[in-house]
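**Student:** Sharing a structure with you now.
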Amino acid sequence: MNIAETLPAWAALPVIFLLVLGGLITLIGALGLLRLANFYQRIHGPAITVTLGAGCILIASMIYFTATQSRLVVHELLISVFVLMTAPVVAMMIMRAAVYRDLRKEHAADAAKASTDGPAADA
């Protein structure tokens, strides 16, 4: 007998719902990554949707293993908290690094333009 056949309906329905919802949310985030135009738009969508999708999948896993092992399983809850705390921070740090890189590139381009114009431009 398969363990999925012994899973009670009270646990099977939320597990199915959360797995499908988490998969759809993650898929939407991945499509946003492909569809959006520039780096700043690309990082925003997946940072939010992948975090929510992973949370749904981990909660479904927690419900499934709690029902099949007849004891409370909290490993997935700890992983969910870790993902929810770190993913937005990592996305923010990546965006800040990109802004800093773009500002340095603009500053270098302005400095190069000013040095090529030189004193002749002031006359």
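Residue numbering restarts at 1 for every chain of the structure tokens, chains are lettered A, B, ... in their displayed order, and ligands are numbered from 1 as they appear.
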I'd like the neighbourhood of range 50-64 of chain A as a PyMOL selection string, where a residue qualifies if any of its atoms comes within 10 Å (using only C-alpha atoms), though same-chain residues fewer than 2 positions away should be ignored.

**Tutor:** chain A and resi 4+7-8+10-30+45-48+66-70+72-81+83-88

**Student:** Can you check which residues of chain A DSSP gives as alpha helix (DSSP H) on the backbone and send them as an NGL selection string?

**Tutor:** :A and (9-35 or 39-69 or 75-117)

**Student:** Take CA of Asp110 in chain A and CA of Leu36 in chain A and report the distance between them in Å, one decimal.

**Tutor:**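 Going from CA of Asp110 in chain A over to CA of Leu36 in chain A, I get 28.9 Å.
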